[in-house]
Amino acid sequence: MPSVVHLELHTGDLSRACAFYKDLCGWRPARVQGYTALALADRLGGGVVECGTRKPVWLPYVEVADVTATTERARELGAAVLLEKREGPAGWRSVIEAPEGGELALWQPKR
């Protein structure tokens, strides 16, 4: 069964968001390969991305065995694919939006 492995905050103000969560939760931001990472829990990573979003939103990443097949299955179930499969330094991801709303990142790590 897929599980949430990462939470990523999309915000219009990176420094303000990082300061808030550091003060509230003790999550210290760290720059890793151009990405602002947050250590949220023992088995849950996190990060913050500054972008042109109108309203800050948390994007959960769910680990899947095959990001291509899972993205296609989501499409068959009526999801919109907001980001097609893309490779990063640690794995592949896509982003879908469920028919009822709500975004989810599908994540397949490199092994």
# chains A, B, ... in the order shown; residues from 1 in each chain; ligands from 1
call {"tool": "residues_around", "arguments": {"residues": "A:Gly91", "least_positions_apart": "3", "cutoff": "12 Å", "atoms": "only C-alpha atoms", "output": "list in words"}}
result
Tyr61, Glu63, Val64, Ala65, Asp66, Val67, Lys85, Arg86, Glu87, Gly88, Ser94, Leu106, Trp107, Gln108, Pro109, Lys110 and Arg111 of chain A
call {"tool": "write_last_selection", "arguments": {"atoms": "N, CA and C atoms", "output": "compact mmCIF listing (two decimals), in the first residue's frame"}}
result
# COMPACT_ATOMS: atom_id res chain seq x y z
N TYR A 61 3.52 13.69 -0.97
CA TYR A 61 4.17 12.76 -1.91
C TYR A 61 3.90 11.35 -1.42
N GLU A 63 4.76 7.37 -2.07
CA GLU A 63 5.69 6.47 -2.75
C GLU A 63 4.93 5.34 -3.44
N VAL A 64 5.25 5.13 -4.71
CA VAL A 64 4.62 4.07 -5.51
C VAL A 64 5.71 3.22 -6.15
N ALA A 65 5.37 2.01 -6.54
CA ALA A 65 6.34 1.11 -7.15
C ALA A 65 6.69 1.52 -8.58
N ASP A 66 5.71 2.10 -9.30
CA ASP A 66 5.91 2.46 -10.70
C ASP A 66 5.14 3.75 -10.97
N VAL A 67 5.86 4.86 -11.03
CA VAL A 67 5.20 6.16 -11.20
C VAL A 67 4.47 6.27 -12.55
N LYS A 85 5.37 12.61 -15.65
CA LYS A 85 6.56 12.02 -15.03
C LYS A 85 7.79 12.85 -15.33
N ARG A 86 8.53 13.17 -14.26
CA ARG A 86 9.75 13.97 -14.38
C ARG A 86 10.81 13.36 -13.49
N GLU A 87 12.03 13.28 -14.01
CA GLU A 87 13.14 12.72 -13.24
C GLU A 87 13.84 13.82 -12.46
N GLY A 88 14.18 13.52 -11.22
CA GLY A 88 14.99 14.40 -10.38
C GLY A 88 16.20 13.64 -9.89
N SER A 94 5.34 12.56 -10.52
CA SER A 94 4.30 13.20 -11.30
C SER A 94 3.34 13.81 -10.29
N LEU A 106 3.01 11.67 -6.99
CA LEU A 106 3.36 10.24 -7.01
C LEU A 106 4.87 10.17 -7.13
N TRP A 107 5.51 9.38 -6.28
CA TRP A 107 6.97 9.37 -6.14
C TRP A 107 7.52 7.96 -6.23
N GLN A 108 8.52 7.79 -7.11
CA GLN A 108 9.24 6.52 -7.24
C GLN A 108 10.72 6.82 -7.04
N PRO A 109 11.29 6.39 -5.91
CA PRO A 109 12.71 6.67 -5.67
C PRO A 109 13.62 5.83 -6.55
N LYS A 110 14.80 6.34 -6.80
CA LYS A 110 15.83 5.56 -7.49
C LYS A 110 16.39 4.58 -6.46
N ARG A 111 16.63 3.37 -6.89
CA ARG A 111 17.15 2.34 -5.98
C ARG A 111 18.52 1.93 -6.43
call {"tool": "residues_around", "arguments": {"residues": "A:Glu100", "least_positions_apart": "5", "cutoff": "12 Å", "atoms": "only C-alpha atoms", "output": "list in words"}}
result
Leu77, Gly78, Ala79 and Ala80 of chain A
call {"tool": "residues_around", "arguments": {"residues": "A:Ser15", "least_positions_apart": "6", "cutoff": "12 Å", "atoms": "only C-alpha atoms", "output": "list in words"}}
result
Tyr21, Lys22, Arg28, Pro29, Ala30, Thr36, Val48, Val49 and Glu50 of chain A
call {"tool": "write_last_selection", "arguments": {"atoms": "C-alpha atoms", "output": "compact mmCIF listing (two decimals), in the first residue's frame"}}
result
# COMPACT_ATOMS: atom_id res chain seq x y z
CA TYR A 21 7.46 26.57 10.83
CA LYS A 22 10.86 26.81 12.49
CA ARG A 28 14.86 23.86 10.47
CA PRO A 29 15.24 24.53 6.76
CA ALA A 30 18.37 23.27 5.00
CA THR A 36 14.84 23.89 0.81
CA VAL A 48 9.38 24.30 0.87
CA VAL A 49 9.15 25.64 -2.68
CA GLU A 50 8.64 29.31 -3.47
call {"tool": "residues_around", "arguments": {"residues": "A:Gly45", "least_positions_apart": "3", "cutoff": "8 Å", "atoms": "only C-alpha atoms", "output": "PyMOL selection string"}}
result
chain A and resi 5-7+37-42
call {"tool": "write_last_selection", "arguments": {"atoms": "N, CA and C atoms", "output": "PDB file, in the first residue's frame"}}
result
ATOM      1  N   VAL A   5       5.424   9.875   2.072  1.00  0.00           N
ATOM      2  CA  VAL A   5       6.838   9.877   2.443  1.00  0.00           C
ATOM      3  C   VAL A   5       7.435  11.282   2.495  1.00  0.00           C
ATOM      4  N   HIS A   6       6.672  12.270   2.002  1.00  0.00           N
ATOM      5  CA  HIS A   6       7.221  13.622   1.916  1.00  0.00           C
ATOM      6  C   HIS A   6       6.063  14.611   1.851  1.00  0.00           C
ATOM      7  N   LEU A   7       6.202  15.742   2.535  1.00  0.00           N
ATOM      8  CA  LEU A   7       5.241  16.840   2.434  1.00  0.00           C
ATOM      9  C   LEU A   7       5.986  18.074   1.954  1.00  0.00           C
ATOM     10  N   ALA A  37      14.920  21.912   2.176  1.00  0.00           N
ATOM     11  CA  ALA A  37      14.420  20.702   2.823  1.00  0.00           C
ATOM     12  C   ALA A  37      14.057  20.983   4.277  1.00  0.00           C
ATOM     13  N   LEU A  38      13.103  20.208   4.782  1.00  0.00           N
ATOM     14  CA  LEU A  38      12.715  20.245   6.188  1.00  0.00           C
ATOM     15  C   LEU A  38      12.696  18.816   6.710  1.00  0.00           C
ATOM     16  N   ALA A  39      13.260  18.584   7.881  1.00  0.00           N
ATOM     17  CA  ALA A  39      13.169  17.276   8.526  1.00  0.00           C
ATOM     18  C   ALA A  39      11.932  17.307   9.415  1.00  0.00           C
ATOM     19  N   LEU A  40      10.865  16.630   8.996  1.00  0.00           N
ATOM     20  CA  LEU A  40       9.593  16.681   9.711  1.00  0.00           C
ATOM     21  C   LEU A  40       9.475  15.604  10.769  1.00  0.00           C
ATOM     22  N   ALA A  41       9.939  14.400  10.462  1.00  0.00           N
ATOM     23  CA  ALA A  41       9.846  13.266  11.386  1.00  0.00           C
ATOM     24  C   ALA A  41      10.871  12.226  10.953  1.00  0.00           C
ATOM     25  N   ASP A  42      11.003  11.155  11.715  1.00  0.00           N
ATOM     26  CA  ASP A  42      11.996  10.133  11.408  1.00  0.00           C
ATOM     27  C   ASP A  42      11.868   9.588   9.990  1.00  0.00           C
TER      28      ASP A  42
END
call {"tool": "select_by_dssp", "arguments": {"residues": "chain A", "states": "strand (DSSP E)", "output": "PyMOL selection string"}}
result
chain A and resi 3-11+29-32+35-41+44-50+57-63+80-87+91-97+103-109
call {"tool": "atom_distance", "arguments": {"atom1": "atom CA of A:Gly101", "atom2": "atom CA of A:Trp58"}}
result
13.5 Å
call {"tool": "select_by_dssp", "arguments": {"residues": "chain A", "states": "helix (DSSP H, G or I)", "output": "list in words"}}
result
Leu14, Ser15, Arg16, Ala17, Cys18, Ala19, Phe20, Tyr21, Lys22, Asp23, Leu24, Cys25, Val67, Thr68, Ala69, Thr70, Thr71, Glu72, Arg73, Ala74, Arg75 and Glu76 of chain A
call {"tool": "closest_residue", "arguments": {"among": "A:Gly52, A:Pro60, A:Gly34, A:Gly12", "to": "A:Arg93", "atoms": "only C-alpha atoms"}}
result
A:Pro60
call {"tool": "atom_distance", "arguments": {"atom1": "atom CA of A:Val62", "atom2": "atom CA of A:Val81"}}
result
14.9 Å
call {"tool": "residues_around", "arguments": {"residues": "A:Val95", "least_positions_apart": "2", "cutoff": "6 Å", "atoms": "only C-alpha atoms", "output": "list in words"}}
result
Leu82, Leu83, Leu104 and Ala105 of chain A
call {"tool": "closest_residue", "arguments": {"among": "A:Ala90, A:Val32, A:Ala69, A:Leu9", "to": "A:Cys51", "atoms": "only C-alpha atoms"}}
result
A:Leu9
call {"tool": "closest_residue", "arguments": {"among": "A:Glu103, A:Cys18, A:Leu44, A:Ala74", "to": "A:Arg31", "atoms": "only C-alpha atoms"}}
result
A:Cys18
